[in-house]
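Q: Below is the structure I would like to discuss, written out as structure tokens.
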Amino acid sequence: MRMTVAAIAAAGMTAATAACAGDEGDVGGEGGGSGGTVNMQIGEIRSLVPGGSGESEGYRIIKNVYDGLVYYDRETGEPKNLVAEEISSPDNQTWTIKIKDGLTFHNGEPVNADAFIRSWDRTAYASNSLPLNYFFGTFEGWEEMNPDPLPEDQWADPEVPEWAPIETTHLSGVTAVDDLTIEVKLTAPFIGFPTMLGYEAFYPVAEECLADLEACEAKPIGNGPFMFEEPYDIENGGTAVRWEDYKGDMPAQIDEVNWKVYLEGDDCWADFLTGDIDVCRPTAADYENAMNDPDLSERHIQQDDPSILMLGFPLYDPKFQDVNLRRAISMAIDREGVANVVGPERFYPLDQWVPESILGGGTHSCGEYCVYDAAAAADLLEQAGGWPEGEKLKIWVNDASDNVDIFRAIGDSIKDSLGIEYELVTMDFPEFLATREEHNLDGPFRSGWGPDYNLNENYLEPIYGGGASVNDQGWENAEYDAKIAEAGSAATLDEAVALYAEAEAILAEDMPSVPIFGERFNYFYTDRLENVYVHPIYSGPGGDCELREVTVVE
């Protein structure tokens with residue numbers, strides 16, 4: 001199967017992408033572009049080295065500083081070759097990846113087979129504790145690199161797993177056939193494999209970067225159209241400039257992008273109104289004024305976003321073991337009412353775990369349990385044995401101001417429907433991610449997901465697979481895992497997509513999380529920009545655009 005087959009697989013993407021100014025035909029070519037600086041908002045990042053981020057903010061920078069094997073077309077979701085020359089397989093289990101000749105990192109190192117292999121080995125090695133390790137779970141050799149950790153009482157930090165020395169440091173299923181060819185052997189056939197390869201987990205890493213990871217985190221050595229000349233500051237941000245020696249297919253049109261960090265509930269809207277930030281999403285508090293401003297309406301991007309918002313349950317906590325309790329909480333949420341509180345047209349009520357815009361989505365698998373019905377919710381709560389008297393329901397969120405407003409409205413709806421008092425517990429984003437991953441939450445929590453690639457599997461296996469010790473919910477279902485494995489081994493894409501949909505139906509029966517909203521982009525941009533496009537797969541949540549295409553008119 002050549003990449004053209006994987007491209008057909010991605011063609012089910014239906015999310016429309018708005019061209020909000022300028023002519024798309026003006027973009028591309030040899031680079032040089034319009035010049036100028038674009039000022040962007042960003043949240044706190046976890047890492048700037050591939051494999052170490054796994055969250056939206058770090059990824060927004062990484063995808064512009066690095067080029068991956070493929071890049072997803074923003075209109076169709078189709079994975080188009082970028083660094084890859086060809087991706088093929090005779091059986092969907094052994095894959096051959098040919099890399100384009102003549103590409104380099106910012107420091108002049110070649111982008112070759114070894115550059116990808118060293119990156120993948122680093123991410124897949126258990127002792128590195130990288131968040132995207134699980135993407136290599138289907139590679140031959142991953143199990144040898146990921147034995148069980150030591151008992152918790154032997155960890156120096158009770159929240160950081162430790163392993164006995166692991167001798168295997170290389171994925172045995174990955175081989176450099178020659179300098180520009182990689183062979184990948186999977187443990188089972190997976191027809192969607194090429195579709196994954198545009199994600200951060202599979203980007204290359206320079207030797208110099210691994211020799212000094214601390215320096216590379218501040219000043220990443222990428223192979224993409226933007227590069228850092230000065231270190232990035234995690235609290236203040238930084239500036240990446242156009243790399244003049246870029247030889248890839250997607251050059252930058254602007255001179256530089258400056259990222260400004262917003263922490264602890266701050267947002268970019270005030271700075272957008274003064275022109276200090278070029279693209280921003282109004283929060284719930286500013287949404288109505290923004291939508292009614294006639295000047296801003298000419299520079300408004302609104303389109304469906306395949307990102308979804310969920311309320312996850314900590315199934316490792318005995319209080320949340322009964323599925324009827326989880327169903328009750330779901331039916332107690334007036335999704336339309338909450339959307340009206342935080343801004344109509346920003347969200348739409350979600351009744352499935354995979355949105356319609358993703359290949360294989362649109363199953364409406366949640367059914368009646370995602371429909372607001374306070375009386376039915378109360379009956380389900382009674383069947384579950386009720387809620388402990390006098391105990392507040394803790395709802396955990398990261399502290400972006402929008403999240404606080406949204407989940408307060410969700411908590412109010414649960415309280416009104418079921419009479420359960422609640423407490424909103426906020427944390428900064430990296431701490432929230434770590435605490436959620438470590439199973440240290442004692443109440444429902446915010447769970448958001450945007451696509452890494454265009455396949456319904458991406459909304460299922462990475463979030464709910466791996467077993468109770470691995471996924472954030474602490475959920476495990478042997479039937480679900482078997483169906484995921486069956487789908488991965490399907491002979492055709494259509495068969496795989498249908499089997500993944502069956503796995504989603506199993507997920508719906510157990511409800512380890514409940515869908516709340518599908519999101520809609522509502523971004524505004526300043527009058528200094530043209531060719532402002534939002535990428536459904538690559539966009540960040542606070543206001544974003546394709547930095548490889550945007551131009552500056554001043």
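Starting from 1 in every chain, residues are counted up; chains themselves are A, B, ... following the order of the structure tokens, and ligands are numbered from 1 as listed.
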Give me, as a PyMOL selection string, all polymer residues having an atom no more than 7 Å from stretch 362-367 of chain A, counting only C-alpha atoms and skipping those fewer than 3 positions away in the same chain.
A: chain A and resi 351-352+354-356+370+505+508
Q: Using the chain letters and numbers from this document, which residues of stretch 279-368 of chain A does DSSP assign to strand (DSSP E or B), as a list in words?
A: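 Filtering stretch 279-368 of chain A down to strand (DSSP E or B) leaves Val279, Cys280, His300, Ile301, Gln302, Gln303, Asp304, Asp305, Pro306, Ser307, Ile308, Leu309, Met310, Leu311, Gly312, Phe347, Tyr348 and Pro349 of chain A.
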Q: To one decimal in Å, tell me the separation between atom CA of A:Val205 and atom CA of A:Ala115.
A: 5.4 Å
Q: Using 10 Å as the limit and counting only C-alpha atoms, can you tabulate each residue of stretch 388-499 of chain A that touches stretch 68-90 of chain A, with its shortest atom-to-atom distance in Å and the two atoms involved, as JSON lines?
A:
{"residue": "A:Asp452", "atom": "CA", "partner": "A:Tyr72", "partner_atom": "CA", "distance": 9.6}
{"residue": "A:Tyr453", "atom": "CA", "partner": "A:Gly77", "partner_atom": "CA", "distance": 7.6}
{"residue": "A:Asn454", "atom": "CA", "partner": "A:Gly77", "partner_atom": "CA", "distance": 5.9}
{"residue": "A:Leu455", "atom": "CA", "partner": "A:Gly77", "partner_atom": "CA", "distance": 9.4}
Q: Check which residues of stretch 53-102 of chain A sit at most 7 Å from stretch 537-551 of chain A using only C-alpha atoms, and return one row each with the closest pair of atoms and their distance in Å to one decimal, ordered by chain and rising number, as a tab-separated table.
A:
residue	atom	partner	partner_atom	distance
A:Ser56	CA	A:Gly540	CA	5.7
A:Glu57	CA	A:Gly540	CA	6.6
A:Arg60	CA	A:Gly540	CA	6.4
Q: Please write the residues from the selection above to a file, keeping all heavy atoms, as a PDB file, in the first residue's frame.
A:
ATOM      1  N   SER A  56      -1.186  20.590  23.355  1.00  0.00           N
ATOM      2  CA  SER A  56      -1.409  21.492  22.226  1.00  0.00           C
ATOM      3  C   SER A  56      -0.380  22.610  22.132  1.00  0.00           C
ATOM      4  O   SER A  56       0.033  22.979  21.026  1.00  0.00           O
ATOM      5  CB  SER A  56      -2.812  22.100  22.322  1.00  0.00           C
ATOM      6  OG  SER A  56      -2.956  22.869  23.510  1.00  0.00           O
ATOM      7  N   GLU A  57       0.056  23.163  23.254  1.00  0.00           N
ATOM      8  CA  GLU A  57       0.875  24.373  23.185  1.00  0.00           C
ATOM      9  C   GLU A  57       2.291  24.081  22.695  1.00  0.00           C
ATOM     10  O   GLU A  57       2.810  24.768  21.823  1.00  0.00           O
ATOM     11  CB  GLU A  57       0.884  25.061  24.552  1.00  0.00           C
ATOM     12  CG  GLU A  57      -0.502  25.405  25.071  1.00  0.00           C
ATOM     13  CD  GLU A  57      -1.320  26.230  24.087  1.00  0.00           C
ATOM     14  OE1 GLU A  57      -1.240  27.465  24.132  1.00  0.00           O
ATOM     15  OE2 GLU A  57      -2.039  25.634  23.255  1.00  0.00           O
ATOM     16  N   ARG A  60       2.235  23.297  18.981  1.00  0.00           N
ATOM     17  CA  ARG A  60       2.089  24.442  18.078  1.00  0.00           C
ATOM     18  C   ARG A  60       3.443  25.001  17.662  1.00  0.00           C
ATOM     19  O   ARG A  60       3.614  25.454  16.517  1.00  0.00           O
ATOM     20  CB  ARG A  60       1.262  25.543  18.747  1.00  0.00           C
ATOM     21  CG  ARG A  60      -0.203  25.196  18.906  1.00  0.00           C
ATOM     22  CD  ARG A  60      -0.916  26.268  19.709  1.00  0.00           C
ATOM     23  NE  ARG A  60      -0.791  27.561  19.066  1.00  0.00           N
ATOM     24  CZ  ARG A  60      -0.926  28.732  19.709  1.00  0.00           C
ATOM     25  NH1 ARG A  60      -1.172  28.741  21.013  1.00  0.00           N
ATOM     26  NH2 ARG A  60      -0.821  29.857  19.057  1.00  0.00           N
TER      27      ARG A  60
END
Q: Given only C-alpha atoms as the basis, pick out the residue of A:Gly43, A:Gly248, A:Gly360, A:Pro318 nearest to A:Leu460.
A: A:Gly360
Q: Could you pull out the residues in stretch 174-275 of chain A that DSSP calls helix (DSSP H, G or I) from the backbone, as a list in words?
A: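 Put together, the selection reads Phe193, Pro194, Thr195, Met196, Glu200, Ala201, Phe202, Glu207, Glu208, Cys209, Leu210, Ala211, Leu213, Glu214, Ala215, Cys216, Glu217, Ala218, Trp269, Ala270, Asp271, Phe272 and Leu273 of chain A.
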Q: Would you kindly return, as a ChimeraX atom specification, each protein, DNA or RNA residue with an atom no farther than 12 Å from any atom of A:Pro231, considering only C-alpha atoms and excluding same-chain residues fewer than 3 positions away?
A: /A:48,214-221,227-228,234-240
Q: Could the residues in this selection be saved with N, CA, C and O atoms as a CSV table (one decimal), in the first residue's frame?
A:
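Result file is part_23.csv:
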chain,number,residue,atom,x,y,z
A,48,LEU,N,9.8,21.2,24.1
A,48,LEU,CA,10.0,21.6,22.7
A,48,LEU,C,10.8,20.5,21.9
A,48,LEU,O,11.3,20.8,20.8
A,214,GLU,N,18.9,19.8,27.7
A,214,GLU,CA,18.5,21.0,28.3
A,214,GLU,C,18.7,22.2,27.4
A,214,GLU,O,17.8,23.1,27.3
A,215,ALA,N,19.8,22.3,26.7
A,215,ALA,CA,19.9,23.4,25.7
A,215,ALA,C,18.9,23.3,24.6
A,215,ALA,O,18.4,24.3,24.1
A,216,CYS,N,18.6,22.0,24.2
A,216,CYS,CA,17.7,21.8,23.0
A,216,CYS,C,16.3,22.2,23.4
A,216,CYS,O,15.5,22.6,22.6
A,217,GLU,N,15.9,22.0,24.7
A,217,GLU,CA,14.6,22.3,25.1
A,217,GLU,C,14.4,23.8,25.0
A,217,GLU,O,13.3,24.3,24.7
A,218,ALA,N,15.4,24.6,25.3
A,218,ALA,CA,15.3,26.1,25.2
A,218,ALA,C,15.5,26.6,23.8
A,218,ALA,O,14.9,27.6,23.4
A,219,LYS,N,16.4,25.9,23.0
A,219,LYS,CA,16.7,26.4,21.7
A,219,LYS,C,16.7,25.1,20.8
A,219,LYS,O,17.7,24.6,20.4
A,220,PRO,N,15.5,24.6,20.4
A,220,PRO,CA,15.4,23.4,19.7
A,220,PRO,C,16.1,23.5,18.3
A,220,PRO,O,16.2,24.5,17.7
A,221,ILE,N,16.7,22.3,17.9
A,221,ILE,CA,17.4,22.2,16.6
A,221,ILE,C,16.5,21.4,15.7
A,221,ILE,O,16.5,20.2,15.7
A,227,MET,N,13.2,28.8,13.0
A,227,MET,CA,14.3,28.4,13.9
A,227,MET,C,14.4,29.4,15.0
A,227,MET,O,14.1,30.6,14.8
A,228,PHE,N,14.9,29.0,16.2
A,228,PHE,CA,15.2,29.9,17.3
A,228,PHE,C,16.7,30.3,17.2
A,228,PHE,O,17.5,29.5,17.2
A,234,ILE,N,10.1,29.7,29.1
A,234,ILE,CA,8.8,29.0,29.3
A,234,ILE,C,7.7,30.0,29.9
A,234,ILE,O,6.5,29.8,29.7
A,235,GLU,N,8.2,31.0,30.6
A,235,GLU,CA,7.2,31.9,31.2
A,235,GLU,C,6.9,33.2,30.4
A,235,GLU,O,5.9,33.8,30.5
A,236,ASN,N,7.8,33.5,29.5
A,236,ASN,CA,7.7,34.7,28.7
A,236,ASN,C,7.5,34.5,27.2
A,236,ASN,O,7.0,35.4,26.5
A,237,GLY,N,8.0,33.3,26.7
A,237,GLY,CA,7.9,33.0,25.3
A,237,GLY,C,9.2,33.3,24.6
A,237,GLY,O,10.3,33.2,25.1
A,238,GLY,N,9.1,33.5,23.3
A,238,GLY,CA,10.3,33.7,22.5
A,238,GLY,C,9.9,33.9,21.0
A,238,GLY,O,8.8,33.9,20.6
A,239,THR,N,11.0,34.1,20.2
A,239,THR,CA,10.8,34.5,18.8
A,239,THR,C,11.5,33.4,17.9
A,239,THR,O,12.7,33.2,18.2
A,240,ALA,N,10.8,32.9,16.9
A,240,ALA,CA,11.4,32.1,15.9
A,240,ALA,C,11.5,32.8,14.6
A,240,ALA,O,10.5,33.5,14.2
Q: Tell me which protein, DNA and RNA residues are within 6 Å of A:Leu309, counting only C-alpha atoms, leaving out same-chain ones fewer than 2 positions away, and put them as a list in words.
A: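 My reading of the contact set: Gly448, Ile516 and Phe517 of chain A.
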Q: Tell me, as number ranges by chain, which residues lie within 10 Å of A:Glu438, counting only C-alpha atoms; anything in the same chain fewer than 3 positions away does not count.
A: A: 158-161, 432-435, 441, 469-472, 474
Q: Create the file for the chosen residues now, containing all heavy atoms and written as a compact mmCIF listing (two decimals), in the first residue's frame.
A:
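Once written, out.txt looks like this:
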# COMPACT_ATOMS: atom_id res chain seq x y z
N PRO A 158 7.66 9.86 44.61
CA PRO A 158 6.48 8.97 44.59
C PRO A 158 5.59 9.16 43.37
O PRO A 158 4.73 8.33 43.10
CB PRO A 158 5.74 9.34 45.87
CG PRO A 158 6.23 10.69 46.25
CD PRO A 158 7.65 10.75 45.79
N GLU A 159 5.80 10.25 42.62
CA GLU A 159 4.97 10.49 41.44
C GLU A 159 5.69 10.18 40.12
O GLU A 159 5.11 10.37 39.06
CB GLU A 159 4.49 11.95 41.44
CG GLU A 159 3.61 12.28 42.64
CD GLU A 159 3.08 13.70 42.60
OE1 GLU A 159 3.52 14.47 41.72
OE2 GLU A 159 2.23 14.04 43.44
N VAL A 160 6.95 9.74 40.21
CA VAL A 160 7.73 9.48 38.99
C VAL A 160 8.18 8.02 38.99
O VAL A 160 9.01 7.63 39.80
CB VAL A 160 8.96 10.40 38.90
CG1 VAL A 160 9.75 10.09 37.61
CG2 VAL A 160 8.54 11.86 38.93
N PRO A 161 7.62 7.19 38.10
CA PRO A 161 8.01 5.78 38.06
C PRO A 161 9.50 5.60 37.79
O PRO A 161 10.14 6.43 37.12
CB PRO A 161 7.18 5.21 36.91
CG PRO A 161 6.07 6.18 36.71
CD PRO A 161 6.61 7.52 37.08
N PHE A 432 -1.59 19.96 36.19
CA PHE A 432 -2.85 19.25 35.95
C PHE A 432 -2.61 18.00 35.11
O PHE A 432 -3.12 16.91 35.43
CB PHE A 432 -3.83 20.19 35.24
CG PHE A 432 -5.10 19.52 34.78
CD1 PHE A 432 -6.08 19.14 35.69
CD2 PHE A 432 -5.32 19.28 33.43
CE1 PHE A 432 -7.25 18.53 35.26
CE2 PHE A 432 -6.48 18.67 33.00
CZ PHE A 432 -7.45 18.29 33.92
N LEU A 433 -1.83 18.13 34.03
CA LEU A 433 -1.55 16.98 33.18
C LEU A 433 -0.87 15.87 33.97
O LEU A 433 -1.23 14.69 33.89
CB LEU A 433 -0.67 17.39 32.00
CG LEU A 433 -1.30 18.22 30.89
CD1 LEU A 433 -0.25 18.60 29.86
CD2 LEU A 433 -2.43 17.46 30.21
N ALA A 434 0.15 16.26 34.74
CA ALA A 434 0.90 15.26 35.51
C ALA A 434 0.03 14.58 36.55
O ALA A 434 0.06 13.35 36.70
CB ALA A 434 2.11 15.92 36.16
N THR A 435 -0.78 15.36 37.27
CA THR A 435 -1.64 14.79 38.32
C THR A 435 -2.69 13.87 37.73
O THR A 435 -3.01 12.82 38.29
CB THR A 435 -2.30 15.92 39.12
OG1 THR A 435 -1.29 16.82 39.59
CG2 THR A 435 -3.04 15.37 40.33
N LEU A 441 -6.37 12.23 41.10
CA LEU A 441 -7.55 13.07 41.19
C LEU A 441 -8.67 12.30 41.89
O LEU A 441 -8.82 11.09 41.70
CB LEU A 441 -8.01 13.51 39.80
CG LEU A 441 -6.97 14.24 38.95
CD1 LEU A 441 -7.55 14.61 37.60
CD2 LEU A 441 -6.45 15.48 39.66
N SER A 469 -3.77 0.95 34.20
CA SER A 469 -2.61 1.64 34.77
C SER A 469 -2.07 2.71 33.85
O SER A 469 -1.25 3.53 34.27
CB SER A 469 -1.51 0.62 35.07
OG SER A 469 -1.03 0.02 33.88
N VAL A 470 -2.54 2.73 32.60
CA VAL A 470 -1.95 3.61 31.61
C VAL A 470 -2.83 4.81 31.29
O VAL A 470 -2.36 5.95 31.30
CB VAL A 470 -1.64 2.82 30.31
CG1 VAL A 470 -1.17 3.76 29.20
CG2 VAL A 470 -0.60 1.75 30.58
N ASN A 471 -4.11 4.60 30.98
CA ASN A 471 -4.92 5.74 30.55
C ASN A 471 -5.37 6.59 31.74
O ASN A 471 -5.38 6.13 32.89
CB ASN A 471 -6.11 5.28 29.69
CG ASN A 471 -7.05 4.33 30.42
OD1 ASN A 471 -7.72 4.72 31.38
ND2 ASN A 471 -7.11 3.08 29.98
N ASP A 472 -5.74 7.82 31.47
CA ASP A 472 -6.04 8.79 32.53
C ASP A 472 -7.24 8.39 33.37
O ASP A 472 -7.33 8.76 34.54
CB ASP A 472 -6.29 10.17 31.92
CG ASP A 472 -5.04 10.79 31.33
OD1 ASP A 472 -3.94 10.30 31.63
OD2 ASP A 472 -5.17 11.78 30.58
N GLY A 474 -8.11 5.31 34.20
CA GLY A 474 -7.95 4.07 34.95
C GLY A 474 -8.98 3.04 34.52
O GLY A 474 -9.49 2.26 35.33
Q: Counting only C-alpha atoms, figure out which residue out of A:Ile191, A:Leu325, A:Ile99, A:Ala201 gets nearest to A:Val497.
A: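 Of all the options, A:Ile191 lies closest to A:Val497.
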Q: Using only C-alpha atoms, find the one residue out of A:Trp95, A:Trp163, A:Tyr232, A:Tyr372 that sits nearest to A:Glu183.
A: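 Using only C-alpha atoms, A:Glu183 sits closest to A:Trp95.
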Q: Taking 5 positions as the minimum chain separation for residues in the same chain, which residues sit within 10 Å of A:Ile308 when counting only C-alpha atoms? Answer as a PDB file with N, CA, C and O atoms, in the first residue's frame.
A:
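That gives us around-v6.pdb:
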ATOM      1  N   PHE A 347     -19.610  26.221  20.859  1.00  0.00           N
ATOM      2  CA  PHE A 347     -19.644  24.775  21.073  1.00  0.00           C
ATOM      3  C   PHE A 347     -20.952  24.220  20.530  1.00  0.00           C
ATOM      4  O   PHE A 347     -21.929  24.946  20.365  1.00  0.00           O
ATOM      5  N   TYR A 348     -20.979  22.927  20.308  1.00  0.00           N
ATOM      6  CA  TYR A 348     -22.238  22.249  20.028  1.00  0.00           C
ATOM      7  C   TYR A 348     -22.297  21.005  20.915  1.00  0.00           C
ATOM      8  O   TYR A 348     -21.266  20.386  21.199  1.00  0.00           O
ATOM      9  N   PRO A 349     -23.474  20.628  21.398  1.00  0.00           N
ATOM     10  CA  PRO A 349     -23.598  19.456  22.270  1.00  0.00           C
ATOM     11  C   PRO A 349     -23.072  18.208  21.574  1.00  0.00           C
ATOM     12  O   PRO A 349     -23.361  17.962  20.395  1.00  0.00           O
ATOM     13  N   LEU A 350     -22.318  17.419  22.309  1.00  0.00           N
ATOM     14  CA  LEU A 350     -21.671  16.249  21.738  1.00  0.00           C
ATOM     15  C   LEU A 350     -22.302  14.982  22.300  1.00  0.00           C
ATOM     16  O   LEU A 350     -22.476  14.859  23.515  1.00  0.00           O
ATOM     17  N   GLN A 352     -21.146  11.769  21.160  1.00  0.00           N
ATOM     18  CA  GLN A 352     -20.289  10.703  20.636  1.00  0.00           C
ATOM     19  C   GLN A 352     -18.850  11.018  21.027  1.00  0.00           C
ATOM     20  O   GLN A 352     -18.530  12.143  21.396  1.00  0.00           O
ATOM     21  N   TRP A 353     -17.999  10.013  20.953  1.00  0.00           N
ATOM     22  CA  TRP A 353     -16.606  10.201  21.344  1.00  0.00           C
ATOM     23  C   TRP A 353     -15.716  10.563  20.162  1.00  0.00           C
ATOM     24  O   TRP A 353     -14.586  10.987  20.352  1.00  0.00           O
ATOM     25  N   VAL A 354     -16.210  10.398  18.936  1.00  0.00           N
ATOM     26  CA  VAL A 354     -15.465  10.777  17.736  1.00  0.00           C
ATOM     27  C   VAL A 354     -16.340  11.734  16.929  1.00  0.00           C
ATOM     28  O   VAL A 354     -17.451  11.377  16.532  1.00  0.00           O
ATOM     29  N   PRO A 355     -15.883  12.958  16.679  1.00  0.00           N
ATOM     30  CA  PRO A 355     -16.737  13.929  15.971  1.00  0.00           C
ATOM     31  C   PRO A 355     -16.962  13.534  14.513  1.00  0.00           C
ATOM     32  O   PRO A 355     -16.194  12.774  13.910  1.00  0.00           O
ATOM     33  N   SER A 447     -11.240  16.733  30.272  1.00  0.00           N
ATOM     34  CA  SER A 447     -10.499  15.920  29.311  1.00  0.00           C
ATOM     35  C   SER A 447     -10.794  16.480  27.925  1.00  0.00           C
ATOM     36  O   SER A 447     -11.943  16.472  27.485  1.00  0.00           O
ATOM     37  N   GLY A 448      -9.787  16.992  27.287  1.00  0.00           N
ATOM     38  CA  GLY A 448      -9.955  17.521  25.943  1.00  0.00           C
ATOM     39  C   GLY A 448      -9.124  16.716  24.962  1.00  0.00           C
ATOM     40  O   GLY A 448      -8.099  16.129  25.328  1.00  0.00           O
ATOM     41  N   TRP A 449      -9.543  16.685  23.720  1.00  0.00           N
ATOM     42  CA  TRP A 449      -8.768  15.959  22.710  1.00  0.00           C
ATOM     43  C   TRP A 449      -8.944  16.608  21.354  1.00  0.00           C
ATOM     44  O   TRP A 449     -10.057  16.952  20.958  1.00  0.00           O
ATOM     45  N   GLY A 450      -7.839  16.808  20.687  1.00  0.00           N
ATOM     46  CA  GLY A 450      -7.850  17.226  19.296  1.00  0.00           C
ATOM     47  C   GLY A 450      -7.109  16.188  18.490  1.00  0.00           C
ATOM     48  O   GLY A 450      -6.288  15.436  19.025  1.00  0.00           O
ATOM     49  N   PRO A 451      -7.353  16.117  17.197  1.00  0.00           N
ATOM     50  CA  PRO A 451      -6.806  15.026  16.401  1.00  0.00           C
ATOM     51  C   PRO A 451      -5.301  15.137  16.193  1.00  0.00           C
ATOM     52  O   PRO A 451      -4.779  16.207  15.901  1.00  0.00           O
ATOM     53  N   TYR A 459      -9.116   8.861  18.400  1.00  0.00           N
ATOM     54  CA  TYR A 459      -9.940   9.329  19.509  1.00  0.00           C
ATOM     55  C   TYR A 459     -10.271   8.197  20.490  1.00  0.00           C
ATOM     56  O   TYR A 459     -10.962   8.433  21.485  1.00  0.00           O
ATOM     57  N   PRO A 515     -18.962  12.673  26.760  1.00  0.00           N
ATOM     58  CA  PRO A 515     -18.782  13.780  25.823  1.00  0.00           C
ATOM     59  C   PRO A 515     -19.614  14.988  26.276  1.00  0.00           C
ATOM     60  O   PRO A 515     -20.753  14.836  26.714  1.00  0.00           O
ATOM     61  N   ILE A 516     -19.050  16.151  26.157  1.00  0.00           N
ATOM     62  CA  ILE A 516     -19.763  17.380  26.523  1.00  0.00           C
ATOM     63  C   ILE A 516     -20.001  18.248  25.290  1.00  0.00           C
ATOM     64  O   ILE A 516     -21.133  18.515  24.913  1.00  0.00           O
ATOM     65  N   PHE A 517     -18.903  18.676  24.667  1.00  0.00           N
ATOM     66  CA  PHE A 517     -19.013  19.596  23.537  1.00  0.00           C
ATOM     67  C   PHE A 517     -18.080  19.190  22.404  1.00  0.00           C
ATOM     68  O   PHE A 517     -16.965  18.712  22.638  1.00  0.00           O
ATOM     69  N   GLY A 518     -18.531  19.419  21.195  1.00  0.00           N
ATOM     70  CA  GLY A 518     -17.635  19.605  20.080  1.00  0.00           C
ATOM     71  C   GLY A 518     -17.383  21.105  19.991  1.00  0.00           C
ATOM     72  O   GLY A 518     -18.264  21.915  20.303  1.00  0.00           O
ATOM     73  N   GLU A 519     -16.207  21.474  19.586  1.00  0.00           N
ATOM     74  CA  GLU A 519     -15.850  22.889  19.602  1.00  0.00           C
ATOM     75  C   GLU A 519     -15.969  23.516  18.217  1.00  0.00           C
ATOM     76  O   GLU A 519     -15.967  22.823  17.195  1.00  0.00           O
ATOM     77  N   ARG A 520     -16.094  24.821  18.216  1.00  0.00           N
ATOM     78  CA  ARG A 520     -16.029  25.593  16.977  1.00  0.00           C
ATOM     79  C   ARG A 520     -14.963  26.658  17.139  1.00  0.00           C
ATOM     80  O   ARG A 520     -14.880  27.329  18.166  1.00  0.00           O
TER      81      ARG A 520
END
Q: Near stretch 280-284 of chain A, counting only C-alpha atoms, which residues have an atom at most 10 Å away, once you skip same-chain residues fewer than 3 positions from it, shown as number ranges by chain?
A: A: 40-42, 267-273, 277, 287-291, 300-301, 339-344, 346, 400-406, 521-526, 541-545
Q: Generate the output file for the selected residues, C-alpha atoms, as a compact mmCIF listing (two decimals), in the first residue's frame.
A:
# COMPACT_ATOMS: atom_id res chain seq x y z
CA MET A 40 0.88 34.89 18.70
CA GLN A 41 -0.50 33.90 22.07
CA ILE A 42 0.50 30.60 23.65
CA ASP A 267 -5.91 35.45 28.18
CA CYS A 268 -4.91 37.36 25.07
CA TRP A 269 -8.07 39.35 24.34
CA ALA A 270 -7.02 42.69 25.85
CA ASP A 271 -3.70 42.50 24.00
CA PHE A 272 -5.51 41.58 20.80
CA LEU A 273 -7.67 44.70 21.06
CA ILE A 277 -1.47 39.91 19.58
CA TYR A 287 -17.52 36.52 23.43
CA GLU A 288 -20.77 38.48 23.02
CA ASN A 289 -19.06 41.87 22.58
CA ALA A 290 -16.63 40.40 20.06
CA MET A 291 -19.38 38.79 18.00
CA HIS A 300 -13.61 36.57 12.11
CA ILE A 301 -12.87 32.87 11.54
CA ALA A 339 -23.21 26.61 25.72
CA ASN A 340 -25.57 29.59 26.00
CA VAL A 341 -23.81 30.67 29.20
CA VAL A 342 -20.29 30.52 27.80
CA GLY A 343 -21.08 31.72 24.29
CA PRO A 344 -23.46 30.29 21.69
CA ARG A 346 -18.58 28.35 20.34
CA ALA A 400 -7.24 28.75 31.81
CA SER A 401 -10.02 31.28 32.38
CA ASP A 402 -12.24 29.73 29.72
CA ASN A 403 -12.05 26.32 31.38
CA VAL A 404 -13.04 27.78 34.71
CA ASP A 405 -16.12 29.46 33.22
CA ILE A 406 -17.17 26.37 31.24
CA PHE A 521 -13.19 27.89 16.12
CA ASN A 522 -14.08 31.51 16.77
CA TYR A 523 -10.84 33.32 16.15
CA PHE A 524 -10.28 36.97 15.26
CA TYR A 525 -7.22 38.42 13.59
CA THR A 526 -5.80 41.93 13.21
CA PRO A 541 -7.11 26.28 21.39
CA GLY A 542 -6.56 29.96 22.18
CA GLY A 543 -6.32 31.41 18.70
CA ASP A 544 -4.07 30.13 15.96
CA CYS A 545 -3.38 30.10 12.24
Q: For A:Ala113, which residue out of A:Leu150, A:Leu130, A:Val184, A:Leu393 is the nearest one, using only C-alpha atoms?
A: A:Val184
Q: Can you tell me how far atom CA of A:Asp121 sits from atom CA of A:Leu171, in Å to one decimal?
A: 6.0 Å
Q: Please report the interatomic distance between atom CA of A:Leu213 and atom CA of A:Ser53 in Å with one decimal.
A: 13.7 Å
Q: Between A:Asp428, A:Leu418, A:Thr274, A:Thr195, which has the minimum distance to A:Leu359 (counting only C-alpha atoms)?
A: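 The closest residue to A:Leu359 is A:Thr195.
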Q: Determine the nearest neighbour of A:Val553 from the options A:Ser357, A:Gln253, A:Pro444, A:Ser129, counting only C-alpha atoms.
A: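 Looking at the shortest contact to A:Val553, the residue is A:Gln253.
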